[in-house]
file entry_15.cif (mmCIF, C-alpha atoms and all ligand atoms)
data_data
loop_
_atom_site.group_PDB
_atom_site.id
_atom_site.type_symbol
_atom_site.label_atom_id
_atom_site.label_comp_id
_atom_site.auth_asym_id
_atom_site.auth_seq_id
_atom_site.Cartn_x
_atom_site.Cartn_y
_atom_site.Cartn_z
ATOM 1 C CA MET A 1 -94.860 113.863 64.082
ATOM 2 C CA THR A 2 -96.532 114.826 67.326
ATOM 3 C CA ASP A 3 -99.897 114.861 65.560
ATOM 4 C CA ILE A 4 -99.498 111.231 64.543
ATOM 5 C CA ILE A 5 -98.633 110.202 68.087
ATOM 6 C CA ASP A 6 -101.596 112.164 69.437
ATOM 7 C CA LYS A 7 -103.956 110.515 66.992
ATOM 8 C CA ALA A 8 -102.628 107.078 67.868
ATOM 9 C CA SER A 9 -103.065 107.558 71.587
ATOM 10 C CA GLU A 10 -106.495 109.118 71.027
ATOM 11 C CA ASN A 11 -107.595 106.001 69.203
ATOM 12 C CA GLU A 12 -106.086 103.841 71.887
ATOM 13 C CA VAL A 13 -107.967 105.709 74.602
ATOM 14 C CA ALA A 14 -111.210 105.405 72.651
ATOM 15 C CA PHE A 15 -110.618 101.690 72.211
ATOM 16 C CA LEU A 16 -109.879 101.192 75.897
ATOM 17 C CA ALA A 17 -112.902 103.246 76.916
ATOM 18 C CA GLU A 18 -115.123 101.121 74.711
ATOM 19 C CA ALA A 19 -113.647 97.895 76.049
ATOM 20 C CA LEU A 20 -114.103 99.144 79.600
ATOM 21 C CA TYR A 21 -117.682 100.191 78.862
ATOM 22 C CA LYS A 22 -118.501 96.748 77.460
ATOM 23 C CA ALA A 23 -116.790 95.034 80.392
ATOM 24 C CA THR A 24 -118.811 97.135 82.829
ATOM 25 C CA LYS A 25 -122.005 96.411 80.944
ATOM 26 C CA SER A 26 -121.445 92.664 80.896
ATOM 27 C CA SER A 27 -120.393 92.545 84.547
ATOM 28 C CA GLU A 28 -123.570 94.406 85.483
ATOM 29 C CA TYR A 29 -125.520 91.859 83.546
ATOM 30 C CA GLN A 30 -123.753 88.794 84.887
ATOM 31 C CA GLY A 31 -122.956 90.025 88.362
ATOM 32 C CA GLU A 32 -119.812 91.492 89.818
ATOM 33 C CA SER A 33 -116.883 89.183 90.425
ATOM 34 C CA ASN A 34 -115.444 89.204 93.937
ATOM 35 C CA TYR A 35 -111.991 90.666 94.491
ATOM 36 C CA GLU A 36 -111.428 88.133 97.249
ATOM 37 C CA CYS A 37 -112.547 84.544 97.664
ATOM 38 C CA ASP A 38 -115.685 84.150 99.765
ATOM 39 C CA ASP A 39 -114.331 81.017 101.410
ATOM 40 C CA CYS A 40 -110.620 81.562 102.069
ATOM 41 C CA GLY A 41 -110.328 85.329 101.609
ATOM 42 C CA GLU A 42 -107.460 85.055 99.136
ATOM 43 C CA PRO A 43 -107.443 87.577 96.265
ATOM 44 C CA ILE A 44 -109.037 86.225 93.101
ATOM 45 C CA PRO A 45 -106.701 86.714 90.104
ATOM 46 C CA GLU A 46 -107.852 89.369 87.631
ATOM 47 C CA ALA A 47 -107.774 86.781 84.811
ATOM 48 C CA ARG A 48 -110.269 84.596 86.655
ATOM 49 C CA ARG A 49 -112.516 87.552 87.471
ATOM 50 C CA GLN A 50 -112.594 88.403 83.762
ATOM 51 C CA ALA A 51 -113.009 84.819 82.575
ATOM 52 C CA VAL A 52 -115.762 83.957 85.057
ATOM 53 C CA PRO A 53 -117.998 87.002 85.546
ATOM 54 C CA GLY A 54 -119.739 86.854 88.904
ATOM 55 C CA CYS A 55 -117.296 84.387 90.440
ATOM 56 C CA THR A 56 -117.134 84.508 94.235
ATOM 57 C CA ARG A 57 -114.428 81.937 94.977
ATOM 58 C CA CYS A 58 -110.844 81.234 93.982
ATOM 59 C CA VAL A 59 -110.180 78.289 91.691
ATOM 60 C CA PHE A 60 -109.226 76.067 94.627
ATOM 61 C CA CYS A 61 -112.358 76.719 96.698
ATOM 62 C CA GLN A 62 -114.581 76.561 93.617
ATOM 63 C CA GLU A 63 -113.278 73.054 92.940
ATOM 64 C CA TYR A 64 -114.203 72.018 96.470
ATOM 65 C CA PHE A 65 -117.564 73.741 96.184
ATOM 66 C CA GLU A 66 -118.433 71.992 92.934
ATOM 67 C CA HIS A 67 -117.061 68.556 93.745
ATOM 68 C CA GLY A 68 -117.677 68.504 97.459
ATOM 69 C CA TYR A 69 -115.346 68.327 100.412
ATOM 70 C CA PRO A 70 -113.526 65.040 100.803
HETATM 71 ZN ZN ZN B 101 -110.562 80.399 98.124
#
call {"tool": "encode", "arguments": {"input": "entry_15.cif", "output": "structure tokens"}}
result
Amino acid sequence: MTDIIDKASENEVAFLAEALYKATKSSEYQGESNYECDDCGEPIPEARRQAVPGCTRCVFCQEYFEHGYP
């Protein structure tokens, strides 16, 4: 019983380690995402950091940056 649980968590750890390794690799390649927005200083959500590797602004400031200030 315990063996099965151990095996399962072993596999899970290996899977997570691989995913983390790939994520690190790709973020090295594409540039590190900022933890905080360059413009307003607000924290950038983890989902955005993952979705847009190398992003430096929050969604709001990025919109302004791309489309210009009114
Ligand atoms: Zn911002």
call {"tool": "atom_distance", "arguments": {"input": "entry_15.cif", "atom1": "atom CA of Ser33 of chain A", "atom2": "atom CA of Cys55 of chain A"}}
result
4.8 Å
call {"tool": "atom_distance", "arguments": {"input": "entry_15.cif", "atom1": "atom CA of Glu12 of chain A", "atom2": "atom CA of Ala51 of chain A"}}
result
22.9 Å
call {"tool": "resolve_selection", "arguments": {"input": "entry_15.cif", "expression": "the PyMOL selection byres (((not hetatm)) within 6 of (chain B and resi 101))", "output": "list in words"}}
result
Cys37, Asp39, Cys40, Glu42, Arg57, Cys58, Phe60 and Cys61 of chain A
call {"tool": "atom_distance", "arguments": {"input": "entry_15.cif", "atom1": "atom CA of Pro45 of chain A", "atom2": "atom CA of Phe65 of chain A"}}
result
18.0 Å
call {"tool": "closest_residue", "arguments": {"input": "entry_15.cif", "among": "A:His67, A:Asp6, A:Tyr35, A:Asn11", "to": "Arg49 of chain A", "atoms": "all atoms listed in the file"}}
result
A:Tyr35
call {"tool": "resolve_selection", "arguments": {"input": "entry_15.cif", "expression": "the PyMOL selection byres (((chain A and resi 52) around 10) and not hetatm)", "output": "list in words"}}
result
Ser27, Gln30, Gly31, Glu32, Ser33, Glu46, Ala47, Arg48, Arg49, Gln50, Ala51, Pro53, Gly54, Cys55 and Thr56 of chain A
